[in-house]
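*Asks:* What follows is the file work34.cif, containing mmCIF, C-alpha atoms:
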data_protein
loop_
_atom_site.label_atom_id
_atom_site.label_comp_id
_atom_site.auth_asym_id
_atom_site.auth_seq_id
_atom_site.Cartn_x
_atom_site.Cartn_y
_atom_site.Cartn_z
CA MET A 1 98.82 -107.36 143.15
CA ASP A 2 101.16 -104.33 143.45
CA SER A 3 101.48 -104.00 139.69
CA PHE A 4 97.74 -103.73 139.17
CA ARG A 5 96.22 -100.28 139.10
CA LYS A 6 92.57 -100.11 140.14
CA VAL A 7 90.44 -98.24 137.62
CA VAL A 8 86.80 -97.23 137.41
CA THR A 9 85.02 -99.85 135.37
CA PHE A 10 82.40 -99.84 132.63
CA GLY A 11 79.42 -101.86 133.87
CA SER A 12 81.22 -102.94 137.11
CA LEU A 13 82.39 -106.28 135.72
CA ALA A 14 83.67 -108.44 138.62
CA LEU A 15 86.50 -110.89 138.11
CA ILE A 16 86.78 -113.80 140.50
CA LEU A 17 90.12 -115.53 140.73
CA ALA A 18 90.20 -118.99 142.25
CA GLY A 19 93.69 -119.68 143.62
CA CYS A 20 95.27 -122.77 145.07
CA ARG A 21 94.43 -121.70 148.62
CA GLU A 22 90.71 -122.11 149.08
CA SER A 23 90.66 -119.84 152.09
CA LYS A 24 91.64 -116.78 150.06
CA VAL A 25 89.78 -115.46 147.04
CA SER A 26 90.98 -112.28 145.31
CA PHE A 27 88.73 -109.93 143.35
CA TYR A 28 89.83 -107.68 140.47
CA ARG A 29 87.98 -105.15 138.40
CA VAL A 30 88.82 -104.49 134.78
CA PRO A 31 87.29 -102.05 132.31
CA LYS A 32 84.27 -103.36 130.42
CA GLU A 33 83.89 -102.18 126.86
CA GLN A 34 80.77 -100.52 125.61
CA ASP A 35 79.57 -101.91 122.28
CA PRO A 36 80.96 -99.47 119.64
CA THR A 37 77.64 -99.44 117.80
CA LEU A 38 75.84 -98.46 120.99
CA ALA A 39 78.48 -95.88 121.82
CA ALA A 40 78.02 -94.24 118.45
CA SER A 41 74.30 -93.72 119.04
CA ALA A 42 74.44 -92.91 122.74
CA PRO A 43 73.58 -89.34 123.84
CA ASP A 44 76.41 -87.05 124.84
CA ASN A 45 76.59 -87.17 128.64
CA SER A 46 79.80 -85.18 128.94
CA ALA A 47 78.07 -82.49 130.97
CA GLN A 48 76.78 -84.92 133.56
CA ALA A 49 78.36 -85.40 136.95
CA GLY A 50 80.94 -88.14 137.41
CA PRO A 51 80.32 -91.37 139.29
CA ALA A 52 80.97 -89.79 142.68
CA ALA A 53 77.97 -87.55 142.12
CA GLY A 54 75.87 -90.32 140.64
CA GLY A 55 76.67 -89.61 136.97
CA SER A 56 77.00 -92.16 134.16
CA MET A 57 80.04 -94.42 134.24
CA SER A 58 79.96 -94.72 130.44
CA ASP A 59 81.77 -91.37 130.18
CA THR A 60 84.43 -92.13 132.77
CA ALA A 61 87.99 -92.00 131.48
CA VAL A 62 89.69 -95.39 131.82
CA PRO A 63 93.51 -95.46 131.79
CA THR A 64 94.97 -97.40 128.86
CA ALA A 65 98.57 -98.29 128.22
CA ALA A 66 100.76 -95.37 127.24
CA GLY A 67 104.30 -95.35 125.90
CA PRO A 68 105.72 -97.95 123.46
CA SER A 69 103.12 -99.68 121.35
CA LEU A 70 102.57 -102.85 119.36
CA THR A 71 101.77 -103.05 115.66
CA TRP A 72 100.26 -105.82 113.54
CA SER A 73 99.09 -106.72 110.03
CA ALA A 74 95.46 -107.82 109.76
CA PRO A 75 94.30 -110.27 107.09
CA ALA A 76 92.74 -108.65 104.04
CA THR A 77 89.44 -110.42 104.73
CA TRP A 78 89.03 -108.71 108.10
CA THR A 79 87.12 -105.42 108.08
CA ALA A 80 88.61 -102.65 110.21
CA LYS A 81 86.19 -100.92 112.55
CA PRO A 82 86.74 -97.52 114.17
CA ALA A 83 89.02 -97.57 117.19
CA THR A 84 87.53 -96.35 120.47
CA ALA A 85 88.83 -94.98 123.73
CA MET A 86 88.98 -98.57 124.96
CA ARG A 87 90.31 -100.29 121.84
CA LYS A 88 93.67 -99.93 120.15
CA GLY A 89 92.25 -101.83 117.19
CA SER A 90 88.97 -103.40 116.15
CA TYR A 91 87.98 -105.76 113.31
CA ALA A 92 84.98 -107.70 112.04
CA VAL A 93 86.03 -111.25 111.13
CA PRO A 94 83.76 -112.93 108.57
CA GLY A 95 82.23 -116.37 108.98
CA ALA A 96 79.75 -118.53 107.09
CA GLY A 97 76.19 -117.37 106.44
CA GLY A 98 76.94 -113.71 107.06
CA GLU A 99 78.09 -114.25 110.64
CA ALA A 100 80.82 -111.90 111.86
CA GLY A 101 83.15 -112.30 114.81
CA ASP A 102 84.53 -109.39 116.82
CA LEU A 103 88.29 -108.90 117.20
CA SER A 104 89.24 -106.39 119.88
CA ILE A 105 92.75 -105.17 120.72
CA THR A 106 93.14 -103.48 124.10
CA ALA A 107 96.03 -102.57 126.39
CA PHE A 108 96.18 -101.61 130.06
CA PRO A 109 98.92 -100.59 132.48
CA GLY A 110 100.59 -103.24 134.62
CA ALA A 111 99.78 -106.94 134.67
CA VAL A 112 96.00 -106.42 135.09
CA GLY A 113 95.89 -108.98 137.88
CA GLY A 114 98.33 -111.48 136.33
CA LEU A 115 98.02 -114.22 133.73
CA ILE A 116 95.67 -116.55 135.58
CA ALA A 117 93.35 -113.68 136.49
CA ASN A 118 93.06 -112.66 132.85
CA VAL A 119 92.56 -116.24 131.67
CA ASN A 120 89.81 -116.75 134.25
CA ARG A 121 88.17 -113.46 133.25
CA TRP A 122 87.77 -114.76 129.70
CA ARG A 123 86.61 -118.16 130.97
CA GLY A 124 83.92 -116.43 133.00
CA GLN A 125 82.69 -114.65 129.85
CA VAL A 126 81.87 -118.05 128.29
CA GLN A 127 80.36 -119.52 131.48
CA LEU A 128 83.34 -121.72 132.36
CA PRO A 129 84.59 -122.12 135.94
CA PRO A 130 87.88 -120.51 136.93
CA LEU A 131 91.13 -122.44 136.80
CA ALA A 132 93.46 -122.98 139.73
CA ASP A 133 97.17 -122.18 139.40
CA ALA A 134 98.03 -125.85 138.92
CA ASP A 135 95.67 -126.12 135.93
CA LEU A 136 96.89 -123.07 134.02
CA ALA A 137 99.81 -124.55 132.06
CA ALA A 138 97.64 -127.24 130.49
CA ALA A 139 94.96 -124.73 129.43
CA VAL A 140 97.11 -122.24 127.51
CA THR A 141 99.88 -122.20 124.92
CA THR A 142 102.72 -119.71 125.19
CA VAL A 143 104.92 -119.11 122.14
CA PRO A 144 107.61 -116.54 121.31
CA GLU A 145 106.76 -114.21 118.44
CA ASN A 146 109.13 -111.42 117.35
CA GLY A 147 110.68 -111.17 120.81
CA LEU A 148 107.29 -111.20 122.59
CA GLN A 149 105.73 -113.91 124.77
CA VAL A 150 102.29 -114.61 123.36
CA THR A 151 99.91 -116.69 125.51
CA VAL A 152 97.07 -118.15 123.44
CA VAL A 153 93.76 -119.32 124.94
CA ASP A 154 90.71 -120.94 123.34
CA PHE A 155 87.55 -121.31 125.44
CA SER A 156 84.03 -122.21 124.37
CA ALA A 157 80.77 -121.89 126.26
CA PRO A 158 78.79 -125.09 126.86
CA GLY A 159 76.79 -125.63 123.69
CA GLY A 160 79.18 -123.56 121.58
CA ALA A 161 77.03 -120.41 121.44
CA LYS A 162 80.01 -118.25 122.36
CA ARG A 163 83.73 -118.87 122.08
CA ILE A 164 86.78 -116.75 122.82
CA LEU A 165 90.09 -117.21 121.01
CA GLY A 166 92.59 -114.78 122.44
CA ALA A 167 96.19 -113.84 123.08
CA ILE A 168 97.68 -112.10 126.10
CA VAL A 169 100.94 -110.24 125.43
CA PRO A 170 102.95 -108.52 128.19
CA PHE A 171 104.84 -105.57 126.72
CA GLY A 172 106.95 -103.20 128.77
CA ASP A 173 104.90 -101.92 131.70
CA SER A 174 101.58 -102.93 130.14
CA CYS A 175 99.57 -105.92 129.01
CA TRP A 176 97.94 -106.26 125.59
CA PHE A 177 94.87 -108.37 124.79
CA PHE A 178 93.90 -109.67 121.34
CA LYS A 179 90.43 -111.23 121.67
CA LEU A 180 88.30 -112.80 118.95
CA THR A 181 84.71 -113.51 120.01
CA GLY A 182 82.07 -115.40 118.05
CA SER A 183 80.26 -118.72 117.74
CA SER A 184 82.25 -121.93 118.00
CA ALA A 185 81.82 -122.56 114.26
CA LEU A 186 83.08 -119.10 113.36
CA ILE A 187 86.12 -119.36 115.62
CA THR A 188 86.99 -122.76 114.17
CA SER A 189 87.02 -121.35 110.63
CA ALA A 190 88.86 -118.18 111.67
CA LYS A 191 91.48 -119.81 113.92
CA PRO A 192 94.22 -120.43 111.32
CA GLY A 193 93.99 -116.81 110.17
CA PHE A 194 94.07 -115.59 113.76
CA LEU A 195 97.19 -117.63 114.53
CA ASP A 196 98.88 -116.27 111.41
CA PHE A 197 97.83 -112.77 112.50
CA LEU A 198 99.56 -113.28 115.87
CA LYS A 199 102.86 -113.90 114.06
CA THR A 200 102.74 -110.33 112.69
CA ILE A 201 102.54 -108.66 116.12
CA LYS A 202 105.71 -106.77 116.98
CA ALA A 203 106.98 -103.73 118.80
CA SER A 204 106.37 -100.50 116.91
CA GLY A 205 109.32 -99.81 114.62
CA GLN A 206 110.57 -103.40 114.80
CA ALA A 207 110.73 -105.64 111.75
CA ALA A 208 108.99 -108.97 112.11
CA ALA A 209 111.44 -111.79 112.69
CA GLU A 210 112.54 -113.54 109.51
CA PRO A 211 112.69 -117.33 109.43
CA SER A 212 116.21 -118.46 110.25
CA SER A 213 117.90 -120.86 107.83
CA ALA A 214 120.34 -121.78 110.58
CA ALA A 215 117.71 -122.84 113.12
CA PRO A 216 118.67 -125.85 115.23
CA ALA A 217 117.15 -129.29 114.80
CA PRO A 218 114.37 -130.37 117.17
CA ALA A 219 115.24 -131.27 120.75
CA GLY A 220 117.19 -134.48 120.93
CA GLY A 221 118.58 -134.01 117.43
CA ALA A 222 115.77 -135.91 115.72
CA ALA A 223 115.11 -134.97 112.11
CA MET A 224 111.64 -133.80 111.15
CA ALA A 225 111.65 -135.97 108.01
CA ASP A 226 109.60 -139.17 108.32
CA THR A 227 108.22 -138.03 111.68
CA ALA A 228 104.66 -139.22 112.32
CA VAL A 229 102.66 -136.51 114.06
CA PRO A 230 99.43 -137.60 115.82
CA THR A 231 96.38 -135.37 115.94
CA SER A 232 93.56 -135.25 118.45
CA SER A 233 91.49 -137.56 116.24
CA GLY A 234 94.12 -140.29 115.84
CA ALA A 235 97.03 -140.93 113.50
CA GLY A 236 98.56 -138.06 111.58
CA LEU A 237 100.71 -137.68 108.49
CA ALA A 238 104.35 -138.42 107.81
CA TRP A 239 106.66 -137.03 105.13
CA THR A 240 110.24 -136.95 103.87
CA ALA A 241 111.81 -133.52 103.50
CA PRO A 242 114.44 -132.70 100.83
CA SER A 243 118.01 -132.74 102.12
CA GLY A 244 118.42 -129.06 101.26
CA TRP A 245 115.71 -127.96 103.69
CA THR A 246 116.79 -127.04 107.22
CA ALA A 247 114.58 -128.47 109.96
CA LYS A 248 113.42 -126.03 112.63
CA PRO A 249 111.91 -127.00 116.00
CA ALA A 250 108.23 -127.91 115.96
CA SER A 251 106.00 -125.84 118.21
CA ALA A 252 102.57 -125.95 119.78
CA MET A 253 101.18 -124.50 116.56
CA ARG A 254 103.34 -126.35 114.03
CA LYS A 255 103.62 -130.07 113.38
CA GLY A 256 106.70 -129.41 111.26
CA SER A 257 108.80 -126.44 110.22
CA TYR A 258 111.61 -125.89 107.70
CA ALA A 259 113.74 -123.07 106.33
CA LEU A 260 114.39 -123.00 102.58
CA ALA A 261 117.38 -121.11 101.20
CA GLY A 262 117.10 -119.05 98.02
CA ALA A 263 119.42 -116.96 95.92
CA GLY A 264 121.20 -114.00 97.50
CA GLY A 265 120.43 -115.08 101.07
CA ASP A 266 116.67 -115.10 100.49
CA ALA A 267 114.89 -117.47 102.92
CA GLY A 268 111.53 -119.21 102.67
CA ASP A 269 109.43 -120.68 105.46
CA LEU A 270 107.65 -124.04 105.25
CA SER A 271 105.03 -124.63 107.94
CA ILE A 272 103.00 -127.78 108.57
CA THR A 273 99.91 -127.36 110.73
CA ALA A 274 96.75 -129.37 111.48
CA PHE A 275 93.39 -128.39 112.95
CA PRO A 276 90.20 -130.25 113.83
CA GLY A 277 87.37 -130.28 111.30
CA ASP A 278 87.40 -128.62 107.88
CA VAL A 279 88.44 -125.21 109.31
CA GLY A 280 85.69 -123.41 107.43
CA GLY A 281 85.88 -125.41 104.22
CA LEU A 282 88.14 -125.40 101.17
CA LEU A 283 87.05 -122.04 99.75
CA ALA A 284 87.56 -120.26 103.08
CA ASN A 285 91.07 -121.67 103.46
CA VAL A 286 92.05 -120.79 99.89
CA ASN A 287 90.75 -117.25 100.37
CA ARG A 288 92.59 -116.97 103.70
CA TRP A 289 95.88 -117.61 101.92
CA ARG A 290 94.93 -115.27 99.08
CA GLY A 291 94.22 -112.54 101.60
CA GLN A 292 97.72 -112.98 103.05
CA VAL A 293 99.20 -111.97 99.68
CA GLN A 294 96.76 -109.11 99.08
CA LEU A 295 94.61 -110.92 96.52
CA PRO A 296 90.80 -110.62 96.47
CA PRO A 297 88.71 -113.60 97.59
CA LEU A 298 87.37 -116.07 95.05
CA GLY A 299 83.75 -117.00 94.59
CA ASP A 300 82.49 -120.58 94.55
CA ALA A 301 82.42 -120.65 90.76
CA GLU A 302 86.05 -119.51 90.51
CA LEU A 303 87.57 -122.02 92.92
CA ALA A 304 88.01 -124.98 90.55
CA GLY A 305 90.02 -122.90 88.07
CA ALA A 306 92.35 -121.53 90.76
CA VAL A 307 93.51 -124.80 92.36
CA THR A 308 94.59 -128.30 91.36
CA SER A 309 93.51 -131.40 93.27
CA PRO A 310 95.74 -134.43 92.70
CA SER A 311 95.45 -137.61 94.74
CA GLN A 312 98.49 -138.93 96.57
CA GLY A 313 98.70 -142.24 98.41
CA GLY A 314 94.98 -142.29 99.17
CA LEU A 315 94.99 -138.61 100.17
CA GLN A 316 93.25 -135.80 98.30
CA LEU A 317 95.50 -132.74 98.06
CA THR A 318 94.44 -129.27 96.98
CA LEU A 319 97.35 -127.18 95.66
CA VAL A 320 97.27 -123.40 95.90
CA ASP A 321 99.78 -120.99 94.32
CA ALA A 322 99.12 -117.30 94.97
CA ALA A 323 101.46 -114.31 94.72
CA SER A 324 101.06 -110.69 95.77
CA PRO A 325 100.78 -108.19 92.90
CA ASP A 326 104.30 -106.85 93.50
CA GLY A 327 105.92 -110.28 93.91
CA SER A 328 107.15 -109.56 97.41
CA LYS A 329 105.24 -112.49 98.88
CA ARG A 330 104.02 -115.76 97.43
CA ILE A 331 102.31 -118.75 99.04
CA LEU A 332 102.59 -122.24 97.61
CA GLY A 333 100.52 -124.61 99.70
CA ALA A 334 98.62 -127.84 99.96
CA ILE A 335 95.42 -128.48 101.93
CA VAL A 336 94.97 -132.12 102.94
CA PRO A 337 91.85 -133.47 104.70
CA LEU A 338 92.62 -136.42 106.97
CA GLY A 339 89.89 -138.07 109.01
CA ASP A 340 88.34 -135.45 111.27
CA SER A 341 91.11 -132.89 110.71
CA THR A 342 92.68 -130.76 107.98
CA TRP A 343 96.43 -130.44 107.37
CA PHE A 344 98.15 -127.44 105.80
CA PHE A 345 101.57 -127.49 104.09
CA LYS A 346 102.48 -123.86 103.35
CA LEU A 347 105.62 -122.46 101.75
CA THR A 348 105.97 -118.68 102.08
CA GLY A 349 108.63 -116.50 100.48
CA THR A 350 109.28 -114.06 97.66
CA ASP A 351 107.94 -114.85 94.21
CA ALA A 352 111.46 -115.72 93.02
CA LEU A 353 112.20 -118.05 95.95
CA VAL A 354 108.92 -119.92 95.67
CA ALA A 355 109.35 -120.29 91.91
CA SER A 356 112.80 -121.85 92.34
CA SER A 357 111.56 -124.08 95.22
CA LYS A 358 108.35 -125.26 93.55
CA PRO A 359 109.76 -128.46 91.95
CA ALA A 360 111.20 -129.59 95.30
CA PHE A 361 107.94 -128.69 97.09
CA VAL A 362 105.86 -130.71 94.62
CA ALA A 363 108.26 -133.66 95.01
CA PHE A 364 108.01 -133.28 98.79
CA LEU A 365 104.20 -133.52 98.62
CA ARG A 366 104.55 -136.89 96.88
CA THR A 367 106.13 -138.23 100.08
CA VAL A 368 103.23 -137.15 102.32
CA ARG A 369 101.39 -140.20 103.56
CA PRO A 370 99.28 -141.43 106.49
CA ALA A 371 101.50 -142.26 109.44
CA GLY A 372 101.68 -145.91 110.29
CA PRO A 373 103.96 -148.81 111.15
#
Represent the supplied structure as structure tokens.

*Replies:*
Amino acid sequence: MDSFRKVVTFGSLALILAGCRESKVSFYRVPKEQDPTLAASAPDNSAQAGPAAGGSMSDTAVPTAAGPSLTWSAPATWTAKPATAMRKGSYAVPGAGGEAGDLSITAFPGAVGGLIANVNRWRGQVQLPPLADADLAAAVTTVPENGLQVTVVDFSAPGGAKRILGAIVPFGDSCWFFKLTGSSALITSAKPGFLDFLKTIKASGQAAAEPSSAAPAPAGGAAMADTAVPTSSGAGLAWTAPSGWTAKPASAMRKGSYALAGAGGDAGDLSITAFPGDVGGLLANVNRWRGQVQLPPLGDAELAGAVTSPSQGGLQLTLVDAASPDGSKRILGAIVPLGDSTWFFKLTGTDALVASSKPAFVAFLRTVRPAGP
């Protein structure tokens, strides 16, 4: 493509793009990262000849995106790693049993071959066949975040040994890639935190978009209250929202969404999400929310004293209430296992807003029930 700039690659990684026309196959080359731990211990080859003279490609300069940049806020549980010439950001994402996933943030000029080429590049890294153009829409989710178009992909190798959860974000004359790599189990537990992380991405100098209390109702004018939302494993949950909450459109990531008004124009955000499995377990989910308000993680022995677990209509709810030390952000939430999935009801706002909204939120939870006739 005209917008793609050919660059010298690390390791000569070939990307094969399968298009709709079988008679034409396009090939693209993209930079391949060197493992930062290997790079740190590698000998200095700066005096060697370049590739044209047979020198090492590991020292070849690879163009990265220049100009305007993106910023983000990483969860407190992620450990920052040193940036490299290839990476704009780098984090270790913890999992169970000491496992750690790798989160890389890179950016390159142009479209880097286009969306389907980049999706198929990641599919190839987990031994999946490339998609055709007609299959792309069903394999990705594209959502707006802070004025950006974020395309989210989730691909797992056969057997689950390796999985990639990533986001592709065009920005100006460049394309940014946020890629979390790890085992299938690790990605499952880290996915909610990764999706929350994506909501913090914004143009440098731009404030993250605040939830709008004047957001329109879902398409067709249907109210979110009493809406049964199915999950991949069968029936979902239904609920009745207070009349003072303003329904916002559901999205690919949210089963329900509301804006809550506070004093002085303060606005809170109520999100309802659901994911397969236990998403890492109760402790991991509680600590994920604690990390979002700059609180340290709890140990197993501390969990029971930090949550309450009432039963409601045959459901077992776990209530979490955690505020940042300065009161600027507070999360009041409920974690609800249902069949083979886990549901999350999360109210986010200032300490004052959540305190004033807590009675209504607790009353709202009493309406949550399995969906049915």

*Asks:* Residues of region 252-302 of chain A that have any atom at most 10 Å from an atom of region 81-101 of chain A: could you tabulate them with the shortest-distance atom pair and the distance in Å to one decimal, using only C-alpha atoms, ordered by chain and increasing number, as JSON lines?

*Replies:*
{"residue": "A:Gly280", "atom": "CA", "partner": "A:Ala96", "partner_atom": "CA", "distance": 7.7}
{"residue": "A:Gly281", "atom": "CA", "partner": "A:Ala96", "partner_atom": "CA", "distance": 9.7}
{"residue": "A:Ala284", "atom": "CA", "partner": "A:Gly95", "partner_atom": "CA", "distance": 8.9}

*Asks:* Given all atoms listed in the file as the basis, pick out the residue of A:Thr188, A:Ser309, A:Ser243, A:Gln292 nearest to Gly277 (chain A).

*Replies:*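 For Gly277 (chain A), the nearest of the candidates is A:Thr188.
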
*Asks:* Name the closest residue to Met253 (chain A) among the candidates A:Ser357, A:Thr141, A:Gln294, A:Thr350; distances are taken between atoms, counting all atoms listed in the file.

*Replies:*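 Comparing A:Ser357, A:Thr141, A:Gln294, A:Thr350 against Met253 (chain A), the winner is A:Thr141.
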
*Asks:* Taking (99.4, -110.6, 124.3) in the file's coordinates, which residues come within 10 Å, counting all atoms listed in the file, written as a ChimeraX atom specification?

*Replies:* /A:70,105-107,142,148-152,166-171,174-179,198,201

*Asks:* Would you pick out the contacts of region 321-330 of chain A at 10 Å or less, using only C-alpha atoms, so that residues sharing its chain but fewer than 4 positions from it are not included, and give the list as a list in words?

*Replies:*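 Everything that qualifies: Gly268, Val286, Asn287, Trp289, Arg290, Gly291, Gln292, Val293, Gln294, Leu295, Ala306, Val307, Thr308, Ala334, Lys346, Leu347, Thr348, Gly349, Thr350, Asp351, Ala352, Leu353, Val354, Ala355 and Lys358 of chain A.
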
*Asks:* Since I can't run it myself right now, could you work out what the PyMOL selection byres ((chain A and resi 361) around 9) selects here and report it as a PDB file with C-alpha atoms, in the coordinates of the input?

*Replies:*
ATOM      1  CA  ALA A 241     111.810-133.520 103.500  1.00  0.00           C
ATOM      2  CA  PRO A 242     114.440-132.700 100.830  1.00  0.00           C
ATOM      3  CA  LEU A 332     102.590-122.240  97.610  1.00  0.00           C
ATOM      4  CA  GLY A 333     100.520-124.610  99.700  1.00  0.00           C
ATOM      5  CA  LEU A 347     105.620-122.460 101.750  1.00  0.00           C
ATOM      6  CA  VAL A 354     108.920-119.920  95.670  1.00  0.00           C
ATOM      7  CA  SER A 357     111.560-124.080  95.220  1.00  0.00           C
ATOM      8  CA  LYS A 358     108.350-125.260  93.550  1.00  0.00           C
ATOM      9  CA  PRO A 359     109.760-128.460  91.950  1.00  0.00           C
ATOM     10  CA  ALA A 360     111.200-129.590  95.300  1.00  0.00           C
ATOM     11  CA  VAL A 362     105.860-130.710  94.620  1.00  0.00           C
ATOM     12  CA  ALA A 363     108.260-133.660  95.010  1.00  0.00           C
ATOM     13  CA  PHE A 364     108.010-133.280  98.790  1.00  0.00           C
ATOM     14  CA  LEU A 365     104.200-133.520  98.620  1.00  0.00           C
ATOM     15  CA  ARG A 366     104.550-136.890  96.880  1.00  0.00           C
TER      16      ARG A 366
END

*Asks:* Please compute the CA of Ile187 (chain A)-CA of Leu303 (chain A) distance, one decimal, in Å.

*Replies:*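 Here the two named atoms are 22.9 Å from each other.
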
*Asks:* Looking at only C-alpha atoms, which of A:Ala138, A:Ser356, A:Trp239, A:Gly124 is the one that sits closest to Asp266 (chain A)?

*Replies:* A:Ser356

*Asks:* Could you please determine the separation between CA of Asp135 (chain A) and CA of Asn118 (chain A) in Å, to one decimal place?

*Replies:*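 Computing the Euclidean distance for CA of Asp135 (chain A) and CA of Asn118 (chain A) yields 14.1 Å.
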
*Asks:* May I ask for the distance between CA of Asn146 (chain A) and CA of Lys248 (chain A), given in Å to one decimal place?

*Replies:*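 Distance between the two atoms: 15.9 Å.
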
*Asks:* Hey, what comes out of the PyMOL selection byres ((chain A and resi 273) around 8) on this file? Could you write it as a list in words?

*Replies:*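 On the file shown, the PyMOL selection byres ((chain A and resi 273) around 8) covers Met253, Arg254, Lys255, Gly256, Ser271, Ile272, Ala274, Phe275, Trp343, Phe344 and Phe345 of chain A.
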